[in-house]
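Printed here is model.pdb (PDB, C-alpha atoms):
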ATOM      1  CA  MET A   1      13.471  28.446 -58.354
ATOM      2  CA  THR A   2      16.535  30.256 -57.069
ATOM      3  CA  ALA A   3      18.352  33.090 -58.641
ATOM      4  CA  PRO A   4      21.437  31.908 -60.516
ATOM      5  CA  GLY A   5      23.815  34.327 -58.722
ATOM      6  CA  VAL A   6      22.814  33.297 -55.156
ATOM      7  CA  ALA A   7      23.250  29.563 -55.598
ATOM      8  CA  GLY A   8      26.547  30.009 -57.385
ATOM      9  CA  ALA A   9      28.039  32.227 -54.637
ATOM     10  CA  ARG A  10      27.224  29.771 -51.857
ATOM     11  CA  ALA A  11      28.536  26.841 -53.795
ATOM     12  CA  GLY A  12      31.865  28.673 -54.180
ATOM     13  CA  GLY A  13      32.915  27.706 -50.600
ATOM     14  CA  GLY A  14      32.931  31.059 -48.759
ATOM     15  CA  PHE A  15      32.397  31.516 -44.986
ATOM     16  CA  THR A  16      29.529  33.359 -43.391
ATOM     17  CA  LEU A  17      30.093  36.222 -40.986
ATOM     18  CA  LEU A  18      28.874  34.067 -38.087
ATOM     19  CA  GLU A  19      31.411  31.318 -38.872
ATOM     20  CA  VAL A  20      34.238  33.863 -39.001
ATOM     21  CA  ALA A  21      33.140  35.400 -35.656
ATOM     22  CA  VAL A  22      33.029  31.992 -33.951
ATOM     23  CA  ALA A  23      36.457  31.078 -35.323
ATOM     24  CA  MET A  24      37.915  34.398 -34.097
ATOM     25  CA  ALA A  25      36.403  33.850 -30.629
ATOM     26  CA  ILE A  26      37.939  30.355 -30.389
ATOM     27  CA  LEU A  27      41.297  31.680 -31.594
ATOM     28  CA  GLY A  28      41.119  34.537 -29.056
ATOM     29  CA  VAL A  29      40.464  32.152 -26.169
ATOM     30  CA  GLY A  30      43.416  30.014 -27.253
ATOM     31  CA  VAL A  31      45.787  32.993 -27.502
ATOM     32  CA  VAL A  32      44.729  34.346 -24.083
ATOM     33  CA  THR A  33      45.246  30.898 -22.527
ATOM     34  CA  VAL A  34      48.751  30.611 -23.985
ATOM     35  CA  LEU A  35      49.661  34.107 -22.768
ATOM     36  CA  GLU A  36      48.409  33.269 -19.257
ATOM     37  CA  LEU A  37      50.544  30.115 -19.242
ATOM     38  CA  PHE A  38      53.635  32.105 -20.217
ATOM     39  CA  SER A  39      52.873  34.693 -17.528
ATOM     40  CA  ALA A  40      52.428  32.000 -14.863
ATOM     41  CA  GLY A  41      55.686  30.362 -15.941
ATOM     42  CA  LEU A  42      57.566  33.650 -15.571
ATOM     43  CA  ARG A  43      56.102  34.204 -12.078
ATOM     44  CA  VAL A  44      57.122  30.702 -11.001
ATOM     45  CA  GLN A  45      60.619  31.196 -12.410
ATOM     46  CA  ARG A  46      61.035  34.495 -10.563
ATOM     47  CA  ALA A  47      59.769  33.021  -7.279
ATOM     48  CA  SER A  48      62.129  30.066  -7.561
ATOM     49  CA  GLY A  49      65.054  32.409  -8.242
ATOM     50  CA  VAL A  50      64.222  34.454  -5.147
ATOM     51  CA  ARG A  51      63.968  31.300  -3.016
ATOM     52  CA  ALA A  52      67.219  29.881  -4.446
ATOM     53  CA  ARG A  53      69.027  33.078  -3.482
ATOM     54  CA  ALA A  54      67.566  32.839   0.054
ATOM     55  CA  VAL A  55      68.743  29.225   0.300
ATOM     56  CA  ALA A  56      72.259  30.242  -0.772
ATOM     57  CA  HIS A  57      72.337  33.052   1.811
ATOM     58  CA  ALA A  58      71.084  30.736   4.575
ATOM     59  CA  ARG A  59      73.589  28.030   3.699
ATOM     60  CA  THR A  60      76.472  30.530   3.705
ATOM     61  CA  LEU A  61      75.425  31.935   7.076
ATOM     62  CA  LEU A  62      75.019  28.450   8.542
ATOM     63  CA  ASP A  63      78.454  27.410   7.271
ATOM     64  CA  GLN A  64      80.012  30.527   8.827
ATOM     65  CA  THR A  65      78.314  29.759  12.145
ATOM     66  CA  ILE A  66      79.267  26.089  12.207
ATOM     67  CA  THR A  67      82.922  26.881  11.578
ATOM     68  CA  LEU A  68      83.207  29.349  14.459
ATOM     69  CA  PRO A  69      85.876  28.098  16.871
ATOM     70  CA  GLU A  70      83.684  28.794  19.897
ATOM     71  CA  LEU A  71      79.900  28.941  19.965
ATOM     72  CA  VAL A  72      78.183  31.361  22.321
ATOM     73  CA  PRO A  73      74.427  31.255  22.860
ATOM     74  CA  ALA A  74      73.044  34.411  21.252
ATOM     75  CA  GLU A  75      70.477  35.875  18.888
ATOM     76  CA  GLU A  76      71.684  38.088  16.066
ATOM     77  CA  ARG A  77      70.039  39.888  13.157
ATOM     78  CA  GLY A  78      71.343  41.604  10.094
ATOM     79  CA  GLN A  79      70.821  42.364   6.438
ATOM     80  CA  PHE A  80      72.383  41.264   3.221
ATOM     81  CA  GLY A  81      72.891  44.017   0.682
ATOM     82  CA  ASP A  82      70.305  42.709  -1.772
ATOM     83  CA  GLY A  83      67.043  43.073   0.170
ATOM     84  CA  TYR A  84      67.287  39.906   2.266
ATOM     85  CA  ARG A  85      67.401  39.958   6.070
ATOM     86  CA  TRP A  86      68.830  37.246   8.315
ATOM     87  CA  GLU A  87      68.364  36.009  11.854
ATOM     88  CA  ARG A  88      70.690  33.615  13.663
ATOM     89  CA  ARG A  89      69.963  31.894  16.957
ATOM     90  CA  VAL A  90      72.441  29.729  18.854
ATOM     91  CA  ARG A  91      71.323  28.048  22.057
ATOM     92  CA  GLU A  92      72.447  25.184  24.250
ATOM     93  CA  ALA A  93      70.309  22.159  23.421
ATOM     94  CA  ARG A  94      70.144  20.743  26.926
ATOM     95  CA  GLU A  95      67.459  18.256  25.953
ATOM     96  CA  PHE A  96      70.186  16.309  24.126
ATOM     97  CA  THR A  97      72.892  16.529  26.790
ATOM     98  CA  ASP A  98      70.846  16.502  29.988
ATOM     99  CA  ALA A  99      71.981  13.667  32.281
ATOM    100  CA  SER A 100      68.548  13.039  33.792
ATOM    101  CA  GLY A 101      67.241   9.597  33.032
ATOM    102  CA  ARG A 102      70.666   8.067  32.539
ATOM    103  CA  ASP A 103      71.912   5.196  34.626
ATOM    104  CA  LEU A 104      75.500   6.463  34.795
ATOM    105  CA  ASP A 105      76.489   9.745  36.338
ATOM    106  CA  VAL A 106      79.122  10.835  33.824
ATOM    107  CA  GLN A 107      80.011  14.468  33.325
ATOM    108  CA  SER A 108      80.686  15.386  29.730
ATOM    109  CA  GLU A 109      83.038  18.062  28.557
ATOM    110  CA  LEU A 110      80.905  18.520  25.465
ATOM    111  CA  THR A 111      77.761  20.544  24.921
ATOM    112  CA  MET A 112      75.188  20.244  22.168
ATOM    113  CA  TYR A 113      74.224  23.529  20.506
ATOM    114  CA  GLU A 114      71.229  24.152  18.290
ATOM    115  CA  ILE A 115      71.894  26.596  15.466
ATOM    116  CA  GLU A 116      68.988  28.132  13.585
ATOM    117  CA  VAL A 117      69.434  30.445  10.628
ATOM    118  CA  ALA A 118      66.525  32.187   8.902
ATOM    119  CA  VAL A 119      66.584  34.341   5.778
ATOM    120  CA  LEU A 120      63.606  36.643   5.210
ATOM    121  CA  TRP A 121      62.505  38.692   2.211
ATOM    122  CA  ALA A 122      59.484  40.752   1.199
ATOM    123  CA  GLN A 123      57.132  38.897  -1.143
ATOM    124  CA  SER A 124      54.524  41.661  -1.163
ATOM    125  CA  PRO A 125      53.800  44.705   1.009
ATOM    126  CA  ASP A 126      51.979  42.585   3.600
ATOM    127  CA  ARG A 127      53.678  39.203   3.195
ATOM    128  CA  GLU A 128      57.183  38.004   3.982
ATOM    129  CA  GLY A 129      58.987  34.913   2.730
ATOM    130  CA  VAL A 130      61.100  32.872   5.146
ATOM    131  CA  TYR A 131      63.634  30.112   4.617
ATOM    132  CA  ALA A 132      65.049  28.554   7.809
ATOM    133  CA  ILE A 133      67.691  25.907   8.496
ATOM    134  CA  ARG A 134      68.213  24.284  11.885
ATOM    135  CA  THR A 135      71.027  21.952  12.873
ATOM    136  CA  LEU A 136      72.976  20.694  15.896
ATOM    137  CA  ARG A 137      76.671  21.002  16.690
ATOM    138  CA  VAL A 138      78.763  19.442  19.432
ATOM    139  CA  ALA A 139      81.317  21.778  20.981
ATOM    140  CA  PRO A 140      83.385  21.982  24.168
ATOM    141  CA  ALA A 141      81.330  22.884  27.226
ATOM    142  CA  PRO A 142      81.601  26.505  28.319
ATOM    143  CA  ALA A 143      84.053  27.099  31.125
ATOM    144  CA  GLY A 144      82.575  27.596  34.531
TER     145      GLY A 144
END
Please render this file's structure as structure tokens.
Amino acid sequence: MTAPGVAGARAGGGFTLLEVAVAMAILGVGVVTVLELFSAGLRVQRASGVRARAVAHARTLLDQTITLPELVPAEERGQFGDGYRWERRVREAREFTDASGRDLDVQSELTMYEIEVAVLWAQSPDREGVYAIRTLRVAPAPAG
């Protein structure tokens, strides 16, 4: 025979301490998971913003180089004011204009140049991000 107060309390639908602890643990795991997802999303958004800015810088520098009236083979470096560095390399791409292997001996007044632009930024103290664009441009052959 059970005591009347004990059977009545359990039948009332309350939770035991163990059930409450398990529910809190499950809730805690869920909250931590959601917070980690938000944190990862913010990191990805920041990284994509940094890369988008590097792409814009590289595209601007490439456009400036392509529109130069006269290309001169050279390597240049510089910095943008917002923590990004740039490197620009212009070289004659002789592998595209070399006459060897051709049946006709025709001299061209045009030269093919390869233009490479790279934008660099610090991702961490020991790691650097790089975005590079490379293209070709036909221009008048240098005099001489």
Exercise. Within 6 Å of Val117 of chain A, counting all atoms listed in the file, which residues qualify if same-chain residues fewer than 5 places away don't, as a list in words?
Worked result: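 After dropping sequence-adjacent residues, the list is Glu87, Arg88, Ala132 and Ile133 of chain A.
Residue nearest Ala122 of chain A, chosen from A:Leu18, A:Ala93, A:Leu71, A:Val50 and counting all atoms listed in the file: A:Val50.
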Exercise. Counting only C-alpha atoms, what is within 12 Å of Ala143 of chain A, bar same-chain residues fewer than 5 positions away, as a VMD selection string?
Worked result: chain A and resid 70 72 109 to 111
For this session: For the file shown, report as a ChimeraX atom specification the outcome of the PyMOL selection byres ((chain A and resi 62) around 12) at residue level.
Result: /A:55-61,63-68,86-90,114-119,132-137
Exercise. For the atom pair atom CA of Pro73 of chain A and atom CA of Arg91 of chain A, what is the interatomic distance in Å to one decimal place?
Worked result: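 Calculated distance between atom CA of Pro73 of chain A and atom CA of Arg91 of chain A is 4.5 Å.
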Exercise. Residues picked by the PyMOL selection byres ((chain A and resi 120) around 6) here, as a list in words?
Worked result: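 With the shown file as input, the PyMOL selection byres ((chain A and resi 120) around 6) matches Tyr84, Arg85, Val119, Trp121, Gly129 and Val130 of chain A.
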3 Å per side around segment 76-91 of chain A: axis-aligned box centre and edge lengths, as AutoDock Vina command-line options:
--center_x 70.0 --center_y 36.0 --center_z 10.1 --size_x 11.8 --size_y 22.0 --size_z 29.8
Exercise. What gap, in Å, lies between atom CA of Glu95 of chain A and atom CA of Glu76 of chain A?
Worked result: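 One can read the atom CA of Glu95 of chain A to atom CA of Glu76 of chain A distance as 22.6 Å.
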